[in-house]
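Down below is the structure, laid out as structure tokens.
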Amino acid sequence: MHSYDFNLVGEKLTALRTGSLFWEEMGILCVSDLHLGKTHRLNRIGAGALPPYENIDTLKRLQEDIHNTNPSCVICLGDSFDDPLAERSLSTNEVDSLKILQKGRDWIWISGNHDPYISCKYGNYLSSFSKSAITFRHIALRGENGEISGHYHPKISVKLSKATVVRACFIADQNKIIMPAYGTYTGGMSVRSDEIKELVDPDAIVMLTGKKIRAIPYSSCF
């Protein structure tokens, strides 16, 4: 199964196996935590020597999701760039690819803790954005209804068939969704962590990304 339909405050949403979220009625495709330029930042500060391919891989997957859903609006839910210098490190080909994706559609950048800018050369940043009964922001607020956020990079370790796998995942209850990180070189926080448990209800569902998207009860993760 390549997608999973569910409801948030009465709105039908579709989680895609890639880690993006599609709101068909509004023509909105949402992704979170691209962390473009992470390799550049880590190499710059001497914290690692990763191959410099994550930008192209992340943008290629986003291109496929845009091609498959044809959204009128794309929302990047914060931490789209790993820091200001990383943003400016994109190659000419990467910048061209991003601008092609933006062409002909609205593109909303939400500020994150890695990219709390007023604006950037790819468009203006907002602290949050609301449509109908749903608000998009980077970091979830406790007690908020109709909220889609990112930041925590939720992941889960589960046994599938005979193997234990670790997958990035969505976690959603009736009032909020925490998105998986979309970027190729992003890590993650277990959905079993206290930080995530404090934000979502016990009856939440977890949707694993990967070759197929799988939905499991949050309660089964413990």
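Residues in the structure tokens are numbered from 1 in each chain, the chains being A, B, ... in the order shown, and ligands are numbered from 1 in the order shown.
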Polymer residues at most 6 Å from Tyr125 in chain A, only C-alpha atoms, same-chain spacing of 5 or more positions, as a VMD selection string: chain A and resid 109 to 111 118 to 119
Dump all heavy atoms for the selected residues as a tab-separated table (two decimals), in the first residue's frame?
chain	number	residue	atom	x	y	z
A	109	TRP	N	7.09	28.23	3.13
A	109	TRP	CA	8.16	27.80	4.04
A	109	TRP	C	7.74	28.16	5.47
A	109	TRP	O	7.47	29.32	5.77
A	109	TRP	CB	9.47	28.51	3.74
A	109	TRP	CG	10.01	28.33	2.35
A	109	TRP	CD1	9.92	29.22	1.32
A	109	TRP	CD2	10.75	27.21	1.84
A	109	TRP	NE1	10.55	28.73	0.20
A	109	TRP	CE2	11.08	27.50	0.49
A	109	TRP	CE3	11.18	26.00	2.40
A	109	TRP	CZ2	11.80	26.62	-0.31
A	109	TRP	CZ3	11.91	25.13	1.60
A	109	TRP	CH2	12.21	25.43	0.27
A	110	ILE	N	7.69	27.17	6.35
A	110	ILE	CA	7.43	27.41	7.77
A	110	ILE	C	8.78	27.46	8.48
A	110	ILE	O	9.66	26.63	8.23
A	110	ILE	CB	6.55	26.30	8.37
A	110	ILE	CG1	5.21	26.21	7.64
A	110	ILE	CG2	6.35	26.54	9.87
A	110	ILE	CD1	4.33	27.41	7.76
A	111	SER	N	8.96	28.41	9.37
A	111	SER	CA	10.21	28.53	10.11
A	111	SER	C	10.39	27.36	11.07
A	111	SER	O	9.44	26.94	11.74
A	111	SER	CB	10.23	29.84	10.92
A	111	SER	OG	10.21	30.95	10.06
A	118	ILE	N	13.47	35.33	8.44
A	118	ILE	CA	12.36	36.17	7.99
A	118	ILE	C	12.05	35.86	6.53
A	118	ILE	O	10.92	35.79	6.11
A	118	ILE	CB	12.70	37.66	8.18
A	118	ILE	CG1	12.89	37.96	9.66
A	118	ILE	CG2	11.61	38.55	7.58
A	118	ILE	CD1	13.37	39.37	9.94
A	119	SER	N	13.09	35.67	5.73
A	119	SER	CA	12.90	35.32	4.33
A	119	SER	C	14.15	34.66	3.81
A	119	SER	O	15.21	34.69	4.44
A	119	SER	CB	12.58	36.57	3.49
A	119	SER	OG	13.70	37.43	3.48
I need the alpha helix (DSSP H) residues of range 20-117 of chain A per DSSP on the backbone, written as a PyMOL selection string. chain A and resi 38-45+54-69+84-88+92-102
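Here the question is which of A:Ile205, A:Ala215, A:Val165, A:Ile196 gets nearest to Arg17 in chain A using only C-alpha atoms, and that residue is A:Ala215.
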Please identify every residue of range 172-215 of chain A that has at least one atom no farther than 8 Å from an atom of range 49-69 of chain A, counting only C-alpha atoms, and for each give the shortest atom pair and the distance in Å to one decimal, arranged by chain then increasing number, as a Markdown table.
| residue | atom | partner | partner_atom | distance |
| --- | --- | --- | --- | --- |
| A:Tyr182 | CA | A:Thr58 | CA | 7.2 |
| A:Gly183 | CA | A:Thr58 | CA | 5.6 |
| A:Thr184 | CA | A:Glu54 | CA | 5.4 |
| A:Tyr185 | CA | A:Glu54 | CA | 6.3 |
Taking the DSSP secondary structure from the backbone, can you list the residues of range 94-204 of chain A that are strand (DSSP E or B), as a PyMOL selection string? chain A and resi 106-110+119-120+123-126+128-131+134-137+147-149+154-160+163-172+176-178+189-190
A:Arg44, A:Phe81, A:Asp173, A:Ser3 ranked by distance to Asn145 in chain A, top pick (using only C-alpha atoms): A:Asp173
For range 30-37 of chain A, list every protein, DNA or RNA residue within 6 Å, evaluated using only C-alpha atoms, and leave out those in the same chain fewer than 5 positions away; present the list as a VMD selection string. chain A and resid 20 to 21 55 74 to 82 86 150 181 to 183
Using N, CA and C atoms, can you export the residues from the last selection as a compact mmCIF listing (two decimals), in the first residue's frame?
# COMPACT_ATOMS: atom_id res chain seq x y z
N SER A 20 5.54 12.14 2.93
CA SER A 20 4.79 13.37 2.68
C SER A 20 3.32 13.14 2.99
N LEU A 21 2.60 14.25 3.12
CA LEU A 21 1.19 14.21 3.47
C LEU A 21 0.42 15.01 2.43
N ASN A 55 20.95 16.19 -0.85
CA ASN A 55 20.07 17.20 -1.45
C ASN A 55 19.40 16.67 -2.70
N VAL A 74 2.60 23.65 -1.91
CA VAL A 74 3.51 22.80 -1.14
C VAL A 74 3.87 23.54 0.14
N ILE A 75 3.77 22.85 1.26
CA ILE A 75 4.16 23.42 2.55
C ILE A 75 5.36 22.65 3.08
N CYS A 76 6.45 23.36 3.32
CA CYS A 76 7.64 22.77 3.94
C CYS A 76 7.62 23.18 5.40
N LEU A 77 7.54 22.20 6.27
CA LEU A 77 7.11 22.41 7.65
C LEU A 77 8.27 22.70 8.61
N GLY A 78 9.26 23.44 8.15
CA GLY A 78 10.35 23.83 9.05
C GLY A 78 11.57 22.94 8.95
N ASP A 79 12.72 23.50 9.31
CA ASP A 79 14.01 22.83 9.17
C ASP A 79 14.19 22.32 7.74
N SER A 80 13.80 23.16 6.80
CA SER A 80 13.98 22.82 5.39
C SER A 80 15.45 22.87 5.01
N PHE A 81 16.18 23.81 5.63
CA PHE A 81 17.62 23.93 5.44
C PHE A 81 18.29 23.74 6.80
N ASP A 82 19.48 23.16 6.77
CA ASP A 82 20.12 22.78 8.03
C ASP A 82 20.67 23.97 8.80
N ALA A 86 24.25 26.44 5.11
CA ALA A 86 23.86 25.24 4.35
C ALA A 86 22.88 25.60 3.26
N GLY A 150 6.15 19.02 12.74
CA GLY A 150 7.29 18.13 12.47
C GLY A 150 8.24 18.12 13.66
N ALA A 181 10.52 13.03 9.38
CA ALA A 181 11.51 13.83 8.65
C ALA A 181 11.61 13.29 7.22
N TYR A 182 11.64 14.22 6.26
CA TYR A 182 11.67 13.84 4.85
C TYR A 182 13.10 13.78 4.31
N GLY A 183 14.01 14.49 4.94
CA GLY A 183 15.37 14.56 4.44
C GLY A 183 16.10 13.23 4.50
Using only C-alpha atoms, determine which residues lie at most 9 Å from Tyr152 in chain A, disregarding the query and same-chain residues fewer than 6 positions distant; provide the list as a ChimeraX atom specification. /A:139,178-181,188-190,195-196
Neighbour list for Lys121 in chain A as number ranges by chain, cut-off 12 Å, only C-alpha atoms, skip fewer than 5 positions in-chain: A: 84, 87-88, 90, 95, 98-99, 109
So that I can check the surroundings of Asn7 in chain A, please list as a VMD selection string every protein, DNA and RNA residue that reaches within 10 Å of it, counting only C-alpha atoms and ignoring chain neighbours fewer than 2 positions away. chain A and resid 5 9 to 14 172 to 175
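When only C-alpha atoms are used to compute distances to Lys197 in chain A, the closest of the residues A:Ile213, A:Cys221, A:Met26, A:Cys120 turns out to be A:Cys221.
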Between CA of Asp203 in chain A and CA of Ser161 in chain A - distance in Å to one decimal: 24.3 Å
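Between CA of Glu147 in chain A and CA of Ile134 in chain A the interatomic distance comes to 5.6 Å.
Between CA of Gly46 in chain A and CA of Arg167 in chain A lies a distance of 27.7 Å.
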